[in-house]
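Working notes for the structure below.
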Amino acid sequence: MDTTELPLNLFSDGTQRINHFREDNVDWFGGLPDSVVLHIFSFLNMEEIIQTSILSRRFRYLYLSVPYLDFDSEELSAKLGDQYCIRTYLDDFMSRRNENRMQRFRLRWLCFQPQSDENRIVAWLCNVLLCGVQELDIEISIGRQGTFIPPAPSRFSCGYLEVLKLDLHGGDLVLPSSVFLSLRILSMKSVRIVHDSFGNWISSSCQRLETLNLENVSGIVNLHITHSFLEHLLISQRSDSLLSRIDVSCKSLETLSMKWFFQLHKTRSLNISAPNLKKFKWMGNIVSHYSLKNIICLQDTVLFLVPQPGVMAMESFKVVDLLHTIRHARVLELNCWLIEALSRQDCLPPSLYDLQDLVMDISRLKDSIIPALASILKKSPHIKHLTIRGCGRLGLVIPGIVASCKFGLIFWENEHFNNLQELRTVEMELRGGENERAFLQYLARQGKVLENITIRTRGTHLWLTKIEQILQEVKWASPSLQIYLVVSQSYQDLLNE
């Protein structure tokens, strides 16, 4: 260290102290305790750790005890040498590390020689597990023809593992027969499961699991998950997935997020039993059969459903039954397909007594949506926040098509709403249609505690002038009402971002 570069005001006696350090040649970093040095190492990448290890004999020993390791084959190959040198170095590093305790191990590896590399990776993982690793994050590019067989650790060696993340880029995975006593989080991405019953493996081998994320996991036709401790479940499937049935029975489940689209018209079913479910998000195609049981604690729900491929109508899907199941939700988001289906079925929705925040993802207030919107508002006496946004990118509609004009102000006044007394905020997009104009006028006239209305739009100066005329026609029921006009850029600009 060049002590002449230290600021003079760093020490109380200034230059004398600097001269003293120059004479004694004190090594500030080398004098730190091992625990502090290891903590500093945890903020370095692998290249920096390797470079630091050659500074002293002490560091050559300490770098073998770094609790956080991050190996990226492409990054290390570009900076430190070819793939063969990196493999040889890691072999030596793992063998010399012994069983020094490890908290996190992250591996990103592109297999140029699949069989040889997979054997090496298994050997590395065996060493890592013997180090009592707590978090394991593995991404291996073995290809769709490759098969990864993880090591079969003992109860002792995998007893510390709490987080396991695995990405095989479409490769096959042979599930280990080990029991993961402490595993709390399991994430699988782009993995093909080679196992007869994946759900049984989850319940038997991961008994303390709290979070399960399955993203583009293929090879499973029937997914059955029954677990006592699982709290968070994410299922996101590709449209070409063969998955035909999902059964979830988890008494501790609090959040469930599903993205299940499919290309072919085929019988598919969904069955959920989760008495403590609080957040539920279901995006995808309509299934042939569904059953949602014991959904009594629901607070936040997102339903974005569309017909099956080749099926244009949704009359066979009972939207009213679905809304009845989630009637206790406080936050509810519906897409246009569900709202239009509710209008076509000509059925009143159930009472949404607890609903406070309603989000409707629709292209515009066209005639086919208005009856369902009115029915839902009637059944929501305690709604406080209403959002009507478009189906386009960023929730904004594409200008150019004006909504229909069948339902004017008289329609809304004849509905005799008594449930807008608690409405505080409204956010909607205007396109200049009479339905929008009438609905906005009615909200402003009846919302006695309404605090602000946010209007989103996109268009020319002439278009903005028309919106200002609409606002001038509105008579406010609340003296504290504020109007916010948000003008967005053109649709083409958004696409070019």
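Labels used: A, B, ... for chains in the order of the structure tokens, numbers from 1 for residues in each chain, and numbers from 1 for ligands as shown.
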
Inset, instruction - Would you kindly return, as an MDAnalysis selection string, each protein, DNA or RNA residue with an atom no farther than 10 Å from any atom of Phe439 in chain A, considering only C-alpha atoms and excluding same-chain residues fewer than 3 positions away? - result: chainID A and resid 365 370 407:409 411:413 434:436 442:445

Using only C-alpha atoms, which protein or nucleic acid residues come within 12 Å of Leu253 in chain A? Drop anything in the same chain fewer than 4 positions from it, and give the result as a short mmCIF file (atom, residue, chain, number, x, y, z; two decimals) with N, CA and C atoms, in the first residue's frame.
```
data_model
loop_
_atom_site.label_atom_id
_atom_site.label_comp_id
_atom_site.auth_asym_id
_atom_site.auth_seq_id
_atom_site.Cartn_x
_atom_site.Cartn_y
_atom_site.Cartn_z
N LEU A 209 -40.61 -29.19 2.43
CA LEU A 209 -40.62 -28.21 1.35
C LEU A 209 -41.68 -27.14 1.58
N GLU A 210 -41.28 -25.87 1.36
CA GLU A 210 -42.19 -24.73 1.52
C GLU A 210 -42.51 -24.05 0.19
N THR A 211 -41.55 -24.06 -0.75
CA THR A 211 -41.73 -23.39 -2.04
C THR A 211 -41.34 -24.35 -3.15
N LEU A 212 -42.22 -24.50 -4.14
CA LEU A 212 -41.97 -25.36 -5.30
C LEU A 212 -42.27 -24.57 -6.57
N ILE A 225 -49.86 -33.29 -6.49
CA ILE A 225 -49.05 -32.75 -5.40
C ILE A 225 -49.89 -32.72 -4.14
N THR A 226 -49.50 -33.53 -3.18
CA THR A 226 -50.13 -33.56 -1.87
C THR A 226 -49.03 -33.35 -0.84
N HIS A 227 -49.13 -32.26 -0.11
CA HIS A 227 -48.04 -31.90 0.80
C HIS A 227 -48.60 -31.16 2.01
N SER A 228 -47.99 -31.38 3.16
CA SER A 228 -48.49 -30.79 4.39
C SER A 228 -47.88 -29.43 4.68
N PHE A 229 -46.65 -29.16 4.19
CA PHE A 229 -45.96 -27.93 4.54
C PHE A 229 -45.80 -26.95 3.38
N LEU A 230 -46.16 -27.34 2.17
CA LEU A 230 -45.96 -26.48 1.00
C LEU A 230 -46.80 -25.21 1.12
N GLU A 231 -46.14 -24.04 0.95
CA GLU A 231 -46.82 -22.76 1.09
C GLU A 231 -46.92 -22.00 -0.23
N HIS A 232 -45.96 -22.20 -1.15
CA HIS A 232 -45.93 -21.45 -2.39
C HIS A 232 -45.69 -22.42 -3.55
N LEU A 233 -46.55 -22.34 -4.55
CA LEU A 233 -46.46 -23.25 -5.70
C LEU A 233 -46.60 -22.45 -6.98
N LEU A 234 -45.66 -22.64 -7.90
CA LEU A 234 -45.70 -22.02 -9.22
C LEU A 234 -45.60 -23.11 -10.28
N VAL A 248 -53.86 -30.62 -6.83
CA VAL A 248 -53.12 -29.99 -5.75
C VAL A 248 -53.95 -30.07 -4.49
N SER A 249 -53.39 -30.70 -3.47
CA SER A 249 -54.05 -30.80 -2.17
C SER A 249 -53.02 -30.47 -1.10
N SER A 257 -49.69 -19.98 -8.37
CA SER A 257 -49.62 -19.28 -9.64
C SER A 257 -49.47 -20.31 -10.75
N ILE A 272 -58.12 -28.44 -7.16
CA ILE A 272 -57.36 -27.76 -6.13
C ILE A 272 -58.13 -27.79 -4.81
N SER A 273 -57.42 -28.17 -3.76
CA SER A 273 -57.96 -28.11 -2.40
C SER A 273 -56.92 -27.42 -1.53
N ALA A 274 -57.22 -26.18 -1.15
CA ALA A 274 -56.26 -25.38 -0.40
C ALA A 274 -57.00 -24.45 0.55
N PRO A 275 -57.28 -24.88 1.76
CA PRO A 275 -58.11 -24.08 2.67
C PRO A 275 -57.45 -22.79 3.14
N ASN A 276 -56.11 -22.66 3.00
CA ASN A 276 -55.42 -21.45 3.46
C ASN A 276 -54.88 -20.62 2.30
N LEU A 277 -55.37 -20.87 1.09
CA LEU A 277 -54.90 -20.15 -0.09
C LEU A 277 -55.30 -18.68 -0.01
N LYS A 278 -54.30 -17.80 -0.17
CA LYS A 278 -54.55 -16.35 -0.09
C LYS A 278 -54.38 -15.67 -1.45
N LYS A 279 -53.44 -16.14 -2.27
CA LYS A 279 -53.21 -15.54 -3.58
C LYS A 279 -53.31 -16.63 -4.64
N PHE A 280 -54.13 -16.37 -5.65
CA PHE A 280 -54.40 -17.36 -6.70
C PHE A 280 -54.33 -16.67 -8.06
N ASN A 294 -62.57 -25.74 -0.84
CA ASN A 294 -62.04 -25.17 0.40
C ASN A 294 -61.26 -23.88 0.17
N ILE A 295 -61.66 -23.08 -0.80
CA ILE A 295 -61.00 -21.80 -1.06
C ILE A 295 -61.74 -20.75 -0.24
N CYS A 297 -60.06 -18.56 2.24
CA CYS A 297 -59.21 -17.48 2.76
C CYS A 297 -58.64 -16.61 1.64
N LEU A 298 -59.19 -16.71 0.46
CA LEU A 298 -58.63 -16.04 -0.70
C LEU A 298 -58.72 -14.52 -0.57
#
```

Inset, instruction - With a distance cut-off of 7 Å and only C-alpha atoms, select the neighbouring residues of Ile383 in chain A, excluding the residue or stretch itself and same-chain residues fewer than 6 positions from it, and output the selection as a PyMOL selection string. - result: chain A and resi 355-357+422-423

If you keep N, CA and C atoms, can you produce a file of those selected residues as a CSV table (one decimal), in the first residue's frame?
```csv
chain,number,residue,atom,x,y,z
A,355,LEU,N,-65.0,-7.8,-1.9
A,355,LEU,CA,-64.2,-7.2,-2.9
A,355,LEU,C,-63.9,-5.7,-2.7
A,356,GLN,N,-62.6,-5.3,-2.8
A,356,GLN,CA,-62.3,-3.9,-2.6
A,356,GLN,C,-61.5,-3.3,-3.8
A,357,ASP,N,-60.8,-4.2,-4.5
A,357,ASP,CA,-60.0,-3.8,-5.7
A,357,ASP,C,-60.4,-4.6,-6.9
A,422,GLU,N,-68.3,3.9,-1.4
A,422,GLU,CA,-66.9,3.7,-0.9
A,422,GLU,C,-65.8,3.8,-2.0
A,423,LEU,N,-66.3,4.0,-3.2
A,423,LEU,CA,-65.3,4.1,-4.3
A,423,LEU,C,-64.4,5.3,-4.2
```

Inset, instruction - Select, from A:Ile410, A:Cys131, A:His324, A:Ala341, the residue with the minimum atom-to-atom distance to Lys379 in chain A, counting only C-alpha atoms. - result: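 Ranking A:Ile410, A:Cys131, A:His324, A:Ala341 by distance to Lys379 in chain A, first place goes to A:His324.
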
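Near range 135-141 of chain A, within 6 Å and counting only C-alpha atoms, sit A:Arg104, A:Phe105, A:Arg106, A:Leu107, A:Arg108, A:Trp109, A:Leu110, A:Cys111, A:Glu162, A:Val163, A:Leu164, A:Lys165, A:Leu166, A:Asp167, A:Leu168, A:His169, not including residues fewer than 3 positions from it in the same chain.
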
Residues from the last selection, C-alpha atoms, saved as a PDB file, in the first residue's frame:
```pdb
ATOM      1  CA  ARG A 104     -23.929 -21.346  -1.573  1.00  0.00           C
ATOM      2  CA  PHE A 105     -22.631 -23.039  -4.710  1.00  0.00           C
ATOM      3  CA  ARG A 106     -23.645 -21.781  -8.142  1.00  0.00           C
ATOM      4  CA  LEU A 107     -22.581 -23.601 -11.316  1.00  0.00           C
ATOM      5  CA  ARG A 108     -23.200 -22.529 -14.930  1.00  0.00           C
ATOM      6  CA  TRP A 109     -21.720 -25.132 -17.256  1.00  0.00           C
ATOM      7  CA  LEU A 110     -21.914 -25.676 -21.012  1.00  0.00           C
ATOM      8  CA  CYS A 111     -21.147 -29.333 -21.697  1.00  0.00           C
ATOM      9  CA  GLU A 162     -32.170 -25.739   2.050  1.00  0.00           C
ATOM     10  CA  VAL A 163     -32.394 -24.326  -1.503  1.00  0.00           C
ATOM     11  CA  LEU A 164     -32.060 -26.329  -4.731  1.00  0.00           C
ATOM     12  CA  LYS A 165     -32.354 -24.712  -8.185  1.00  0.00           C
ATOM     13  CA  LEU A 166     -31.896 -26.797 -11.307  1.00  0.00           C
ATOM     14  CA  ASP A 167     -31.955 -25.826 -15.017  1.00  0.00           C
ATOM     15  CA  LEU A 168     -31.021 -28.494 -17.592  1.00  0.00           C
ATOM     16  CA  HIS A 169     -31.982 -26.577 -20.759  1.00  0.00           C
TER      17      HIS A 169
END
```

Inset, instruction - Tell me, as a PyMOL selection string, which residues lie within 12 Å of Ser380 in chain A, counting only C-alpha atoms; anything in the same chain fewer than 2 positions away does not count. - result: chain A and resi 327-332+349-358+373-378+382-386+417-423

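Candidate residues A:Leu323, A:Leu62, A:Cys206, A:Asn271 were compared for distance to Val36 in chain A, and the nearest is A:Leu62, using only C-alpha atoms.
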
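Closest approach to Ala477 in chain A among A:Gly199, A:Gly447, A:Pro151, A:Pro176: A:Gly447, based on only C-alpha atoms.
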
Inset, instruction - Any chance you could list, as a PyMOL selection string, the residues in range 215-397 of chain A that come up strand (DSSP E) when DSSP is run on the backbone? - result: chain A and resi 215+222-227+232-237+245-250+255-260+269-273+279-285+289-293+300-306+331-335+357-361+385-389

Legend entry - For CA of Arg184 in chain A and CA of Gly132 in chain A, the interatomic separation in Å (one decimal):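 Calculated distance between CA of Arg184 in chain A and CA of Gly132 in chain A is 15.1 Å.
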